[in-house]
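Structure file structure_21.cif (mmCIF, C-alpha atoms) is printed below.
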```
data_upload
#
loop_
_atom_site.label_atom_id
_atom_site.label_comp_id
_atom_site.auth_asym_id
_atom_site.auth_seq_id
_atom_site.Cartn_x
_atom_site.Cartn_y
_atom_site.Cartn_z
CA MET A 1 9.52 -14.79 21.59
CA ASN A 2 8.16 -13.54 18.27
CA GLU A 3 11.16 -11.35 17.44
CA THR A 4 14.11 -13.70 18.06
CA HIS A 5 16.29 -13.77 14.95
CA ILE A 6 17.83 -16.98 13.67
CA ALA A 7 20.01 -16.95 10.55
CA GLY A 8 17.91 -17.68 7.46
CA THR A 9 14.61 -16.87 9.17
CA PRO A 10 12.66 -13.60 9.47
CA ALA A 11 13.49 -11.47 12.50
CA VAL A 12 9.76 -11.02 13.19
CA ARG A 13 7.71 -14.23 13.27
CA GLY A 14 4.36 -12.44 13.41
CA VAL A 15 2.86 -9.01 12.87
CA PHE A 16 -0.45 -7.40 13.81
CA ILE A 17 -2.20 -5.32 11.15
CA ALA A 18 -4.12 -2.54 12.85
CA GLY A 19 -6.26 0.07 11.16
CA THR A 20 -7.20 3.68 11.68
CA ASP A 21 -10.87 2.69 11.34
CA THR A 22 -13.13 0.06 9.87
CA GLU A 23 -13.42 -0.32 6.08
CA ILE A 24 -10.01 1.21 5.36
CA GLY A 25 -8.33 -1.80 3.77
CA LYS A 26 -6.83 -3.91 6.55
CA THR A 27 -7.70 -7.12 4.71
CA HIS A 28 -6.49 -5.80 1.35
CA THR A 29 -3.21 -4.76 2.95
CA SER A 30 -2.87 -8.00 4.93
CA VAL A 31 -3.43 -10.16 1.84
CA ALA A 32 -1.02 -8.02 -0.19
CA LEU A 33 1.58 -8.37 2.57
CA ILE A 34 1.10 -12.15 2.62
CA HIS A 35 1.78 -12.25 -1.13
CA ALA A 36 4.79 -9.96 -0.74
CA LEU A 37 6.28 -12.17 1.99
CA ARG A 38 5.56 -15.30 -0.02
CA GLY A 39 7.31 -13.66 -2.95
CA ALA A 40 10.37 -13.33 -0.71
CA GLY A 41 10.38 -17.11 -0.28
CA LEU A 42 8.64 -17.32 3.11
CA LYS A 43 5.81 -19.54 4.29
CA VAL A 44 3.07 -17.21 5.49
CA CYS A 45 -0.30 -17.71 7.18
CA GLY A 46 -3.02 -15.13 7.63
CA MET A 47 -5.22 -14.86 10.71
CA LYS A 48 -8.25 -12.84 11.75
CA PRO A 49 -8.81 -13.81 15.39
CA VAL A 50 -12.17 -12.06 15.79
CA ALA A 51 -14.68 -11.36 13.03
CA SER A 52 -18.24 -10.09 13.05
CA GLY A 53 -20.50 -9.92 10.01
CA CYS A 54 -20.09 -13.60 9.15
CA ASP A 55 -22.22 -15.62 6.73
CA ALA A 56 -23.90 -18.92 7.51
CA THR A 57 -22.52 -21.76 5.36
CA PRO A 58 -22.84 -25.57 5.48
CA ASP A 59 -19.44 -25.55 7.22
CA GLY A 60 -20.44 -22.95 9.83
CA LEU A 61 -20.04 -19.20 10.05
CA ARG A 62 -17.55 -17.75 7.59
CA ASN A 63 -16.16 -14.23 7.33
CA ALA A 64 -15.16 -12.91 3.91
CA ASP A 65 -12.00 -11.24 5.24
CA ALA A 66 -10.88 -14.41 7.03
CA VAL A 67 -11.60 -16.50 3.92
CA ALA A 68 -9.43 -14.13 1.86
CA LEU A 69 -6.59 -14.47 4.38
CA GLN A 70 -6.94 -18.26 4.38
CA ALA A 71 -6.89 -18.40 0.57
CA ALA A 72 -3.76 -16.25 0.38
CA SER A 73 -1.88 -18.36 2.93
CA ASP A 74 0.78 -20.92 2.07
CA PRO A 75 0.35 -23.41 3.63
CA GLN A 76 -3.43 -23.02 3.85
CA PRO A 77 -4.56 -23.64 7.44
CA PRO A 78 -7.99 -24.81 8.64
CA TYR A 79 -10.55 -22.04 8.92
CA ALA A 80 -10.90 -22.52 12.68
CA GLN A 81 -7.24 -21.55 13.11
CA VAL A 82 -7.60 -18.48 10.91
CA ASN A 83 -10.75 -17.23 12.65
CA PRO A 84 -11.40 -18.75 16.08
CA PHE A 85 -14.17 -16.25 16.95
CA ALA A 86 -16.82 -15.76 14.23
CA MET A 87 -20.05 -13.87 14.94
CA ASN A 88 -23.15 -13.15 12.90
CA ALA A 89 -24.08 -9.48 13.11
CA PRO A 90 -22.05 -6.88 11.15
CA VAL A 91 -21.60 -4.67 14.21
CA SER A 92 -18.92 -4.00 16.83
CA PRO A 93 -17.55 -7.37 17.96
CA HIS A 94 -18.61 -6.96 21.59
CA LEU A 95 -22.21 -6.44 20.47
CA ALA A 96 -22.09 -9.26 17.92
CA ALA A 97 -20.61 -11.62 20.52
CA ARG A 98 -23.25 -10.66 23.07
CA GLU A 99 -26.00 -11.33 20.55
CA ASP A 100 -24.53 -14.76 19.73
CA GLY A 101 -23.93 -15.66 23.37
CA VAL A 102 -20.16 -15.75 22.80
CA THR A 103 -17.43 -14.50 25.14
CA VAL A 104 -14.20 -13.58 23.39
CA THR A 105 -11.17 -14.78 25.38
CA MET A 106 -7.47 -14.87 24.64
CA GLU A 107 -6.84 -18.59 25.20
CA PRO A 108 -8.38 -19.85 21.91
CA ILE A 109 -6.71 -17.00 20.03
CA ARG A 110 -3.32 -17.88 21.49
CA ALA A 111 -3.83 -21.59 20.70
CA ALA A 112 -4.81 -20.82 17.09
CA TYR A 113 -1.87 -18.43 16.65
CA ASP A 114 0.57 -20.99 18.04
CA ALA A 115 -0.79 -23.62 15.64
CA LEU A 116 -0.30 -21.26 12.70
CA ALA A 117 3.16 -20.17 13.84
CA ALA A 118 4.24 -23.81 14.02
CA GLN A 119 3.62 -24.29 10.29
CA CYS A 120 4.86 -21.02 8.75
CA ASP A 121 7.65 -18.46 8.91
CA VAL A 122 5.46 -15.39 9.46
CA THR A 123 1.87 -15.07 10.69
CA VAL A 124 0.00 -11.94 9.54
CA VAL A 125 -2.70 -11.20 12.13
CA GLU A 126 -5.44 -8.80 11.06
CA GLY A 127 -7.29 -6.81 13.68
CA ILE A 128 -10.95 -5.84 13.72
CA GLY A 129 -12.08 -2.24 13.40
CA GLY A 130 -9.70 0.23 15.02
CA TRP A 131 -7.17 -0.12 17.82
CA MET A 132 -9.66 0.39 20.68
CA VAL A 133 -12.70 -1.50 19.41
CA PRO A 134 -14.27 -3.53 22.26
CA LEU A 135 -14.18 -7.33 22.04
CA ARG A 136 -16.20 -7.58 25.25
CA ASP A 137 -17.10 -5.05 27.93
CA ASP A 138 -13.66 -5.31 29.58
CA LEU A 139 -11.43 -6.22 26.63
CA LEU A 140 -10.24 -4.19 23.64
CA ALA A 141 -8.89 -5.29 20.25
CA SER A 142 -5.49 -3.97 21.34
CA ALA A 143 -5.31 -6.91 23.78
CA ILE A 144 -4.64 -9.30 20.86
CA PRO A 145 -1.19 -8.00 19.83
CA GLU A 146 -0.36 -7.57 23.51
CA ALA A 147 -1.21 -11.21 24.30
CA LEU A 148 0.62 -12.48 21.21
CA GLU A 149 3.57 -10.11 21.76
CA LEU A 150 3.33 -8.80 18.21
CA PRO A 151 4.71 -5.63 16.64
CA VAL A 152 2.22 -3.54 14.68
CA ILE A 153 1.83 -2.17 11.18
CA LEU A 154 -0.87 0.50 10.99
CA VAL A 155 -3.02 0.77 7.86
CA VAL A 156 -4.02 4.38 7.24
CA GLY A 157 -7.12 4.80 5.13
CA LEU A 158 -6.34 7.77 2.88
CA ARG A 159 -9.51 9.82 3.03
CA LEU A 160 -10.65 12.99 4.77
CA GLY A 161 -9.75 12.71 8.45
CA ALA A 162 -6.79 10.40 7.87
CA LEU A 163 -4.25 12.65 9.60
CA ASN A 164 -6.09 12.80 12.90
CA HIS A 165 -7.03 9.10 12.86
CA ALA A 166 -3.48 8.04 12.01
CA LEU A 167 -1.72 10.20 14.60
CA LEU A 168 -4.15 9.26 17.37
CA SER A 169 -3.88 5.56 16.50
CA ALA A 170 -0.08 5.69 16.45
CA ARG A 171 -0.06 7.44 19.82
CA ALA A 172 -2.39 4.82 21.32
CA ILE A 173 -0.35 1.90 19.92
CA GLN A 174 2.86 3.23 21.43
CA ALA A 175 1.19 4.22 24.71
CA ASP A 176 0.02 0.61 25.03
CA GLY A 177 3.61 -0.56 24.77
CA ARG A 178 3.48 -2.09 21.29
CA ARG A 179 6.30 -1.64 18.79
CA LEU A 180 5.00 0.29 15.76
CA LEU A 181 7.04 -0.99 12.81
CA GLY A 182 5.52 1.52 10.43
CA TRP A 183 2.41 2.47 8.52
CA VAL A 184 0.91 1.71 5.12
CA GLY A 185 -1.24 4.24 3.29
CA ASN A 186 -4.21 2.81 1.43
CA ARG A 187 -5.99 5.05 -1.10
CA VAL A 188 -9.55 4.06 -0.18
CA ASP A 189 -10.86 7.35 -1.61
CA PRO A 190 -9.43 7.81 -5.12
CA ASP A 191 -10.85 11.35 -5.18
CA MET A 192 -9.30 12.49 -1.89
CA ALA A 193 -8.32 16.14 -2.14
CA MET A 194 -4.57 16.80 -1.81
CA ALA A 195 -3.87 13.13 -1.13
CA ASP A 196 -0.13 13.39 -1.83
CA ALA A 197 0.19 16.39 0.49
CA ASN A 198 -1.55 14.37 3.21
CA ILE A 199 0.90 11.51 2.66
CA ASP A 200 3.81 13.96 2.95
CA THR A 201 2.34 15.25 6.23
CA LEU A 202 2.06 11.70 7.54
CA ARG A 203 5.66 10.95 6.55
CA ALA A 204 6.76 14.01 8.51
CA ARG A 205 4.59 13.54 11.60
CA MET A 206 4.12 9.81 12.15
CA PRO A 207 6.49 8.29 14.75
CA ALA A 208 7.34 5.35 12.46
CA PRO A 209 8.26 5.07 8.76
CA CYS A 210 5.97 4.67 5.79
CA LEU A 211 6.22 1.04 4.60
CA GLY A 212 4.25 1.55 1.39
CA VAL A 213 1.33 3.32 -0.26
CA LEU A 214 -1.28 1.17 -1.99
CA GLU A 215 -3.13 2.56 -4.98
CA HIS A 216 -6.90 2.29 -5.36
CA GLY A 217 -8.04 -0.68 -7.42
CA PRO A 218 -5.25 -3.20 -8.01
CA LEU A 219 -5.70 -6.74 -6.67
CA PRO A 220 -3.60 -7.70 -3.62
CA GLN A 221 -1.24 -9.81 -5.74
CA LYS A 222 -0.29 -6.72 -7.74
CA ALA A 223 -0.35 -4.41 -4.71
CA ALA A 224 2.24 -6.68 -3.07
CA ALA A 225 4.96 -5.02 -5.17
CA ARG A 226 4.41 -1.80 -3.19
CA LEU A 227 5.08 -3.46 0.17
CA GLN A 228 8.76 -4.30 -0.18
CA ASP A 229 9.61 -1.89 2.65
CA ALA A 230 7.13 -3.75 4.84
CA VAL A 231 8.82 -7.04 3.92
CA ALA A 232 12.19 -5.53 4.80
CA ALA A 233 10.86 -4.40 8.19
CA LEU A 234 9.97 -7.99 9.00
CA ARG A 235 13.26 -9.56 7.80
#
```

Would you mind writing the structure in this file as structure tokens?
Amino acid sequence: MNETHIAGTPAVRGVFIAGTDTEIGKTHTSVALIHALRGAGLKVCGMKPVASGCDATPDGLRNADAVALQAASDPQPPYAQVNPFAMNAPVSPHLAAREDGVTVTMEPIRAAYDALAAQCDVTVVEGIGGWMVPLRDDLLASAIPEALELPVILVVGLRLGALNHALLSARAIQADGRRLLGWVGNRVDPDMAMADANIDTLRARMPAPCLGVLEHGPLPQKAAARLQDAVAALR
């Protein structure tokens, strides 16, 4: 099990980073969390099981988010373990997979996750898009944390519409039987009107605690200092 506690080890061996939408900072938050966990003396690997919008390279398709997770990891795993399903088109993964003639299944994802978990203390698994993005016609992104038995941290993109997106996402995560450890606010819109009041509303209404608020601009290594509550939730 991913949440069995042994003295001297983290209580949670893996965590799924979900998002309220696409382009709201899941990778930024995931990389910052990897650095924060490493700063606590843990070996940490990042993973992005499914990625669309990949670039052709001499070594095969590569996704910028997955590369960032790989680079932040210690130890650094092979790319194929970080991102077992890589697709070309920058569209919803079920459409990108269809275009590439790929069928996303759980078995390669589970095998890659197990390989990562065998070499590190915590595996940070980043989702794709939002909680209910299709991976194929009969499979949603939410199936990944279910198959891997992972608790969830929700990244809330702080911009207009954040309250509705966050509350609906939290409801869906819990309705699907996943443990919501908490949420992280990410200031994707530095000019968001009444941003602090929105954060206060989220603190009052979300069914799980705030585990940090990331400012707009700083690199993940610096942002890691704001995720100590997230580290504590995993210890």

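Relative to CA of Phe85 (chain A), CA of Val102 (chain A) is found at 8.4 Å.
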
Practice problem: List the residues selected by the PyMOL selection byres ((chain A and resi 186-195) around 7) in the file shown, writing them as a list in words. | Solution: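 This file, filtered by the PyMOL selection byres ((chain A and resi 186-195) around 7), leaves Ile24, Gly25, Val155, Val156, Gly157, Leu158, Arg159, Leu160, Val184, Gly185, Asp196, Ala197, Asn198, Ile199, Val213, Leu214, Glu215 and His216 of chain A.
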
Dump of C-alpha atoms for the selected residues, as a PDB file, keeping the file's coordinate frame:
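Saved the output as out_21.pdb:
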```pdb
ATOM      1  CA  ILE A  24     -10.010   1.210   5.360  1.00  0.00           C
ATOM      2  CA  GLY A  25      -8.330  -1.800   3.770  1.00  0.00           C
ATOM      3  CA  VAL A 155      -3.020   0.770   7.860  1.00  0.00           C
ATOM      4  CA  VAL A 156      -4.020   4.380   7.240  1.00  0.00           C
ATOM      5  CA  GLY A 157      -7.120   4.800   5.130  1.00  0.00           C
ATOM      6  CA  LEU A 158      -6.340   7.770   2.880  1.00  0.00           C
ATOM      7  CA  ARG A 159      -9.510   9.820   3.030  1.00  0.00           C
ATOM      8  CA  LEU A 160     -10.650  12.990   4.770  1.00  0.00           C
ATOM      9  CA  VAL A 184       0.910   1.710   5.120  1.00  0.00           C
ATOM     10  CA  GLY A 185      -1.240   4.240   3.290  1.00  0.00           C
ATOM     11  CA  ASP A 196      -0.130  13.390  -1.830  1.00  0.00           C
ATOM     12  CA  ALA A 197       0.190  16.390   0.490  1.00  0.00           C
ATOM     13  CA  ASN A 198      -1.550  14.370   3.210  1.00  0.00           C
ATOM     14  CA  ILE A 199       0.900  11.510   2.660  1.00  0.00           C
ATOM     15  CA  VAL A 213       1.330   3.320  -0.260  1.00  0.00           C
ATOM     16  CA  LEU A 214      -1.280   1.170  -1.990  1.00  0.00           C
ATOM     17  CA  GLU A 215      -3.130   2.560  -4.980  1.00  0.00           C
ATOM     18  CA  HIS A 216      -6.900   2.290  -5.360  1.00  0.00           C
TER      19      HIS A 216
END
```

Exercise. Name the closest residue to Phe16 (chain A) among the candidates A:Ala162, A:Met132, A:Leu227, A:Val122; distances are taken between atoms, counting all atoms listed in the file.
Key: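 Checking each candidate against Phe16 (chain A), we get A:Val122 as the closest.
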
Quiz item: CA of Pro49 (chain A) and CA of Ala147 (chain A) are how many Å apart?
Solution: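 These atoms are spaced 12.0 Å apart.
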
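Checking A:Gln228, A:Leu116, A:Cys54, A:Gly101 one by one against Ala40 (chain A), counting only C-alpha atoms, you find the shortest gap at A:Gln228.
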
Quiz prompt | Atom-to-atom span, CA of Glu23 (chain A) and CA of Gly130 (chain A), Å | solution =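 Pair CA of Glu23 (chain A) / CA of Gly130 (chain A) returns 9.7 Å.
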
Practice problem: Decode the PyMOL selection byres ((chain A and resi 229) around 12) for the given file into explicit residues and return them as number ranges by chain. | Solution: A: 33, 36-37, 40, 153, 181-184, 209-213, 224-228, 230-235

Export of prior selection with C-alpha atoms as an mmCIF file, keeping the file's coordinate frame:
```
data_model
loop_
_atom_site.group_PDB
_atom_site.id
_atom_site.type_symbol
_atom_site.label_atom_id
_atom_site.label_comp_id
_atom_site.auth_asym_id
_atom_site.auth_seq_id
_atom_site.Cartn_x
_atom_site.Cartn_y
_atom_site.Cartn_z
ATOM 1 C CA LEU A 33 1.580 -8.370 2.570
ATOM 2 C CA ALA A 36 4.790 -9.960 -0.740
ATOM 3 C CA LEU A 37 6.280 -12.170 1.990
ATOM 4 C CA ALA A 40 10.370 -13.330 -0.710
ATOM 5 C CA ILE A 153 1.830 -2.170 11.180
ATOM 6 C CA LEU A 181 7.040 -0.990 12.810
ATOM 7 C CA GLY A 182 5.520 1.520 10.430
ATOM 8 C CA TRP A 183 2.410 2.470 8.520
ATOM 9 C CA VAL A 184 0.910 1.710 5.120
ATOM 10 C CA PRO A 209 8.260 5.070 8.760
ATOM 11 C CA CYS A 210 5.970 4.670 5.790
ATOM 12 C CA LEU A 211 6.220 1.040 4.600
ATOM 13 C CA GLY A 212 4.250 1.550 1.390
ATOM 14 C CA VAL A 213 1.330 3.320 -0.260
ATOM 15 C CA ALA A 224 2.240 -6.680 -3.070
ATOM 16 C CA ALA A 225 4.960 -5.020 -5.170
ATOM 17 C CA ARG A 226 4.410 -1.800 -3.190
ATOM 18 C CA LEU A 227 5.080 -3.460 0.170
ATOM 19 C CA GLN A 228 8.760 -4.300 -0.180
ATOM 20 C CA ALA A 230 7.130 -3.750 4.840
ATOM 21 C CA VAL A 231 8.820 -7.040 3.920
ATOM 22 C CA ALA A 232 12.190 -5.530 4.800
ATOM 23 C CA ALA A 233 10.860 -4.400 8.190
ATOM 24 C CA LEU A 234 9.970 -7.990 9.000
ATOM 25 C CA ARG A 235 13.260 -9.560 7.800
#
```

Box along x, y and z, 4 Å on every side, all listed atoms of region 58-62 of chain A inside: centre and edge lengths in Å to one decimal, as lines of an AutoDock Vina configuration file.
```
center_x = -20.2
center_y = -21.7
center_z = 7.8
size_x = 13.3
size_y = 15.8
size_z = 12.6
```

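Against this structure, the PyMOL selection byres ((chain A and resi 15) around 8) ends up with Val12, Arg13, Gly14, Phe16, Ile17, Val122, Thr123, Val124, Val125, Leu150, Pro151, Val152 and Ile153 of chain A.
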
Quiz prompt | Within-9 Å shell of (-15.0, -8.0, 9.7) in input frame, only C-alpha atoms, as a list of chain:residue names | solution =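 The requested residues, written out, are A:Thr22, A:Glu23, A:Thr27, A:Lys48, A:Val50, A:Ala51, A:Ser52, A:Gly53, A:Cys54, A:Asn63, A:Ala64, A:Asp65, A:Ala66, A:Pro90, A:Val91, A:Pro93, A:Gly127, A:Ile128, A:Gly129.
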
Practice problem: Identify the residues within 10 Å of coordinate (1.3, -13.8, -2.2) (same frame as the file), considering only C-alpha atoms, and give the answer as a PyMOL selection string. | Solution: chain A and resi 31-44+71-74+220-225

Can you give me N, CA and C atoms for region 161-185 of chain A, written as a tab-separated table (two decimals), in the coordinates of the input?
```
chain	number	residue	atom	x	y	z
A	161	GLY	N	-9.85	13.11	7.05
A	161	GLY	CA	-9.75	12.71	8.45
A	161	GLY	C	-8.60	11.78	8.74
A	162	ALA	N	-7.86	11.39	7.70
A	162	ALA	CA	-6.79	10.40	7.87
A	162	ALA	C	-5.69	10.88	8.81
A	163	LEU	N	-5.36	12.16	8.78
A	163	LEU	CA	-4.25	12.65	9.60
A	163	LEU	C	-4.55	12.47	11.08
A	164	ASN	N	-5.72	12.92	11.50
A	164	ASN	CA	-6.09	12.80	12.90
A	164	ASN	C	-6.19	11.34	13.33
A	165	HIS	N	-6.86	10.51	12.52
A	165	HIS	CA	-7.03	9.10	12.86
A	165	HIS	C	-5.67	8.39	12.95
A	166	ALA	N	-4.78	8.70	12.03
A	166	ALA	CA	-3.48	8.04	12.01
A	166	ALA	C	-2.63	8.45	13.21
A	167	LEU	N	-2.56	9.73	13.50
A	167	LEU	CA	-1.72	10.20	14.60
A	167	LEU	C	-2.26	9.74	15.95
A	168	LEU	N	-3.58	9.75	16.12
A	168	LEU	CA	-4.15	9.26	17.37
A	168	LEU	C	-3.92	7.75	17.53
A	169	SER	N	-4.09	7.00	16.44
A	169	SER	CA	-3.88	5.56	16.50
A	169	SER	C	-2.43	5.23	16.84
A	170	ALA	N	-1.50	5.92	16.18
A	170	ALA	CA	-0.08	5.69	16.45
A	170	ALA	C	0.25	6.00	17.91
A	171	ARG	N	-0.31	7.08	18.42
A	171	ARG	CA	-0.06	7.44	19.82
A	171	ARG	C	-0.59	6.35	20.76
A	172	ALA	N	-1.80	5.84	20.46
A	172	ALA	CA	-2.39	4.82	21.32
A	172	ALA	C	-1.59	3.51	21.27
A	173	ILE	N	-1.14	3.14	20.07
A	173	ILE	CA	-0.35	1.90	19.92
A	173	ILE	C	0.92	1.98	20.76
A	174	GLN	N	1.62	3.10	20.68
A	174	GLN	CA	2.86	3.23	21.43
A	174	GLN	C	2.60	3.39	22.92
A	175	ALA	N	1.52	4.07	23.29
A	175	ALA	CA	1.19	4.22	24.71
A	175	ALA	C	0.86	2.87	25.34
A	176	ASP	N	0.34	1.94	24.53
A	176	ASP	CA	0.02	0.61	25.03
A	176	ASP	C	1.23	-0.33	25.02
A	177	GLY	N	2.39	0.22	24.66
A	177	GLY	CA	3.61	-0.56	24.77
A	177	GLY	C	3.91	-1.46	23.59
A	178	ARG	N	3.21	-1.28	22.48
A	178	ARG	CA	3.48	-2.09	21.29
A	178	ARG	C	4.50	-1.39	20.40
A	179	ARG	N	5.32	-2.17	19.74
A	179	ARG	CA	6.30	-1.64	18.79
A	179	ARG	C	5.60	-1.35	17.47
A	180	LEU	N	5.60	-0.11	17.03
A	180	LEU	CA	5.00	0.29	15.76
A	180	LEU	C	6.08	0.22	14.69
A	181	LEU	N	6.03	-0.82	13.86
A	181	LEU	CA	7.04	-0.99	12.81
A	181	LEU	C	6.94	0.09	11.75
A	182	GLY	N	5.72	0.52	11.46
A	182	GLY	CA	5.52	1.52	10.43
A	182	GLY	C	4.06	1.57	10.03
A	183	TRP	N	3.78	2.33	8.99
A	183	TRP	CA	2.41	2.47	8.52
A	183	TRP	C	2.34	2.30	7.01
A	184	VAL	N	1.17	1.87	6.55
A	184	VAL	CA	0.91	1.71	5.12
A	184	VAL	C	-0.29	2.58	4.76
A	185	GLY	N	-0.12	3.44	3.77
A	185	GLY	CA	-1.24	4.24	3.29
A	185	GLY	C	-2.03	3.46	2.26
```
